[in-house]
Amino acid sequence: MYPLTTNLVEHIHQSHLIKRVELLARELQKAPSEAALIELLKKQEALLFFRVTLYNPIKGYFFDSKQEIDSPDFEEESQNTPAEITEALKDGYAYAVRYSLLFSEQMVYVALKFNFQENPYILRAGFPNGQIVALTHDLTGTFLIFVIGLLLLFSLFAWFIFHHLTKPVYAILNSIRPFQEGREEQIPEIIIDNQVSEFGQLASTLNALSNRVQYQIETLTHEKNEKSAILESLVEGVVAVDTSLVVIYMNRMAEIFLDVDQQNVVGKPFSKIGQPHCEELLKRAQIANEPVFSVMKLGRKARRFFDLVAVPSGAEGGAILVLQDKTSLHRVIEMGRDFVANASHELKTPITIISGFAETLHDHPELSAEISHEITQKILSNCVRMETLIRNLLTLATLDEGLPDSRLMQGDLIDIVEQAKQMTRSIHPHAHIAIEEIGDSPFTLRMDSALFLQAIFNLLDNAAKYSKPPADILVRVIKTEEAYLIHVIDHGIGIPEADLDRIFERFYAVDKSHSRMLGGSGLGLSIVEQIIEKHKGKIEVQSEVGEGTTFVISLPRV
Ligand code: ADP
């Protein structure tokens with residue numbers, strides 16, 4: 001703005017000067033003579049300019065308001081006709097800013113050509129440039145102060161408008177920030193003071209929008225939770241992979257089956273699980289775009305068997321692997337196989353003995369009556385053994401089928417124990433069997449008496465068999481509020497701790513040859529356990545080698 005101001009001041013001053021000179025020239029033209037013209041000029045001098053000069057192309061200078069024309073100074077200055085006069089003579093008008101030797105300062109000159117009495121004259125007006133410069137400075141200063149003031153005012157106004165406009169925007173941003181930074185679960189409500197303003201309307205629109213979004217999020221979360229709860233509650237293992245076989249989901253069961261931690265696997269390639277067979281199956285399902293089935297064995301010691309199915313999932317090209325634990329089924333099959341093998345083996349042994357002895361009798365009719373008797377005795381005892389084995393197998397088969405409620409009748413436990421005692425004593429005449437009752441009579445229970453008798457007999461028989469004669473056995477029957485407890489206590493050889501878990505298995509014997517010698521086949525305790533279970537009870541064993549064994553049966557009274 002500064003050069004503009006300077007130019008403006010100069011321009012105003014110049015045009016002002018020209019106008020005054022023109023006015024003066026017009027006045028001068030009215031003078032009757034040259035002398036009157038000079039007189040007129042002298043009169044005007046004080047009112048007019050700093051310096052007024054009159055010039056005639058023929059006579060040269062013949063009036064100057066500041067100098068005697070005849071003085072040597074003037075003569076020196078007017079040696080050369082100044083440029084403004086020459087220019088005015090040519091063009092009729094001139095304006096110049098130049099240094100004056102006479103005044104020793106910058107001067108502004110305006111020269112104007114006018115005709116007086118048919119002759120051309122130049123009227124030149126001079127003005128010290130210093131005053132114009134000072135005026136310009138004054139004006140610039142004022143202008144500057146004005147501009148600064150205006151700028152301050154504008155800034156203040158702009159700040160006010162800006163603040164007024166941004167305040168609600170900040171209010172909106174501050175409301176949303178806690179949600180954006182994850183400090184809040186829900187999108188908070190935006191509250192603006194002026195509800196009717198545009199920002200108020202914007203806030204209520206955003207609030208309505210966030211409510212909708214919140215609702216959608218809640219619905220989706222609910223659906224997702226429901227689905228994942230279903231998947232998590234499955235007894236099957238489920239693993240989902242994307243097109244590039246990266247694990248995207250794995251349920252709890254899959255974690256257990258595959259022995260991995262979901263957090264270490266999700267988001268990583270399936271190969272990281274280390275189950276190439278499953279990976280292969282997933283690939284096949286993706287390529288074939290149809291379910292693919294297989295089976296798999298896992299684990300070295302506790303072997304587990306799985307049915308696998310890989311299914312392509314949706315249009316994205318992913319796949320889902322489902323693992324079904326079929327270990328128990330495989331165990332049942334295995335057990336069945338073992339059972340048949342064991343049963344055949346147990347039956348084969350007495351048959352071999354019987355046929356051997358029968359052949360001897362047949363081939364040697366000359367044998368003495370004493371030896372023949374001994375042989376037939378052995379044949380008979382093996383027949384009994386076979387019969388017992390077959391009876392036991394039949395009992396187990398019956399028990400496997402289940403015990404119908406119709407077979408249960410009210411019976412007395414003490415009677416059953418007494419009968420079992422008599423049966424045991426008929427086989428082990430030296431055995432001492434005591435019965436102790438704790439609780440008020442009667443000791444009645446709904447039961448299958450025949451089976452129950454067999455269970456108690458098996459225990460007493462074992463107690464007598466596995467004790468050094470004479471066996472000392474105590475049967476303690478306790479009646480409590482909720483249950484009957486039957487303790488069968490002996491002071492026999494005891495059972496090693498390692499075998500305690502297995503003695504209830506079919507055909508299991510701690511010492512096979514010792515058991516067989518005593519007429520056992522390893523089915524006795526499994527029959528006992530089955531019978532007790534069918535009466536909703538359970539059986540436990542405590543034993544110490546060389547000290548004795550205690551079997552505890554507990555039966556609920558209702
Ligand atoms: P078994 O016909 O061989 O006796 P059981 O099923 O009745 O078969 O018993 C399994 C095994 O448990 C027996 O071989 C024996 O080693 C052990 N056992 C059972 N009862 C006793 C006991 N009272 N004292 C010591 N060992 C016992």
# chains A, B, ... in the order shown; residues from 1 in each chain; ligands from 1
call {"tool": "select_by_dssp", "arguments": {"residues": "range 119-297 of chain A", "states": "strand (DSSP E)", "output": "ChimeraX atom specification"}}
result
/A:119-128,237-241,247-250,292-297
call {"tool": "residues_around", "arguments": {"residues": "range 398-409 of chain A", "least_positions_apart": "6", "cutoff": "6 Å", "atoms": "only C-alpha atoms", "output": "PyMOL selection string"}}
result
chain A and resi 446-448
call {"tool": "residues_around", "arguments": {"residues": "Thr395 in chain A", "least_positions_apart": "2", "cutoff": "10 Å", "atoms": "only C-alpha atoms", "output": "ChimeraX atom specification"}}
result
/A:389-393,397-401,451,454,527,530-531
call {"tool": "atom_distance", "arguments": {"atom1": "CA of Leu321 in chain A", "atom2": "CA of Asn264 in chain A"}}
result
18.0 Å
call {"tool": "residues_near_ligand", "arguments": {"ligand": "ligand 1", "cutoff": "7 Å", "atoms": "only C-alpha atoms and all ligand atoms", "output": "ChimeraX atom specification"}}
result
/A:458-459,462-463,466-467,490,492-495,503-504,506-512,515-516,519-526,548-549
call {"tool": "select_by_dssp", "arguments": {"residues": "range 420-533 of chain A", "states": "alpha helix (DSSP H)", "output": "PyMOL selection string"}}
result
chain A and resi 420-427+449-465+497-500+512-517+524-533
call {"tool": "residues_around", "arguments": {"residues": "Leu245 in chain A", "least_positions_apart": "4", "cutoff": "7 Å", "atoms": "only C-alpha atoms", "output": "PDB file with N, CA, C and O atoms, in the first residue's frame"}}
result
ATOM      1  N   VAL A 241     -11.192 -72.487   7.816  1.00  0.00           N
ATOM      2  CA  VAL A 241     -10.044 -71.854   7.148  1.00  0.00           C
ATOM      3  C   VAL A 241     -10.539 -71.030   5.960  1.00  0.00           C
ATOM      4  O   VAL A 241     -11.626 -71.278   5.445  1.00  0.00           O
ATOM      5  N   PRO A 269      -1.352 -69.929   9.194  1.00  0.00           N
ATOM      6  CA  PRO A 269      -1.652 -71.021   8.264  1.00  0.00           C
ATOM      7  C   PRO A 269      -1.981 -72.316   9.017  1.00  0.00           C
ATOM      8  O   PRO A 269      -1.420 -72.567  10.096  1.00  0.00           O
ATOM      9  N   PHE A 270      -2.856 -73.130   8.415  1.00  0.00           N
ATOM     10  CA  PHE A 270      -3.288 -74.374   9.065  1.00  0.00           C
ATOM     11  C   PHE A 270      -2.099 -75.303   9.309  1.00  0.00           C
ATOM     12  O   PHE A 270      -2.080 -76.057  10.289  1.00  0.00           O
TER      13      PHE A 270
END
call {"tool": "closest_residue", "arguments": {"among": "A:Phe143, A:Phe551, A:Tyr484, A:Phe179", "to": "Glu437 in chain A", "atoms": "only C-alpha atoms"}}
result
A:Tyr484
call {"tool": "atom_distance", "arguments": {"atom1": "CA of Ile58 in chain A", "atom2": "CA of Gln29 in chain A"}}
result
18.0 Å
call {"tool": "residues_around", "arguments": {"residues": "Ile18 in chain A", "least_positions_apart": "4", "cutoff": "10 Å", "atoms": "only C-alpha atoms", "output": "ChimeraX atom specification"}}
result
/A:12-14,22-24,93-95,109-112,124-125
call {"tool": "residues_around", "arguments": {"residues": "range 199-205 of chain A", "least_positions_apart": "2", "cutoff": "12 Å", "atoms": "only C-alpha atoms", "output": "PyMOL selection string"}}
result
chain A and resi 164-173+175-176+188-197+207-212
call {"tool": "closest_residue", "arguments": {"among": "A:Val9, A:Leu500, A:Ala319, A:Ile230", "to": "Ile248 in chain A", "atoms": "only C-alpha atoms"}}
result
A:Ala319
call {"tool": "residues_around", "arguments": {"residues": "Pro82 in chain A", "least_positions_apart": "5", "cutoff": "12 Å", "atoms": "only C-alpha atoms", "output": "PyMOL selection string"}}
result
chain A and resi 53+55+60-61+77+87-89+94-101+109-111+122+124
call {"tool": "closest_residue", "arguments": {"among": "A:Gly439, A:Glu418, A:Leu323, A:Gly237", "to": "Val475 in chain A", "atoms": "only C-alpha atoms"}}
result
A:Glu418
call {"tool": "closest_residue", "arguments": {"among": "A:Phe103, A:Phe146, A:Phe114, A:Tyr121", "to": "Pro57 in chain A", "atoms": "only C-alpha atoms"}}
result
A:Tyr121
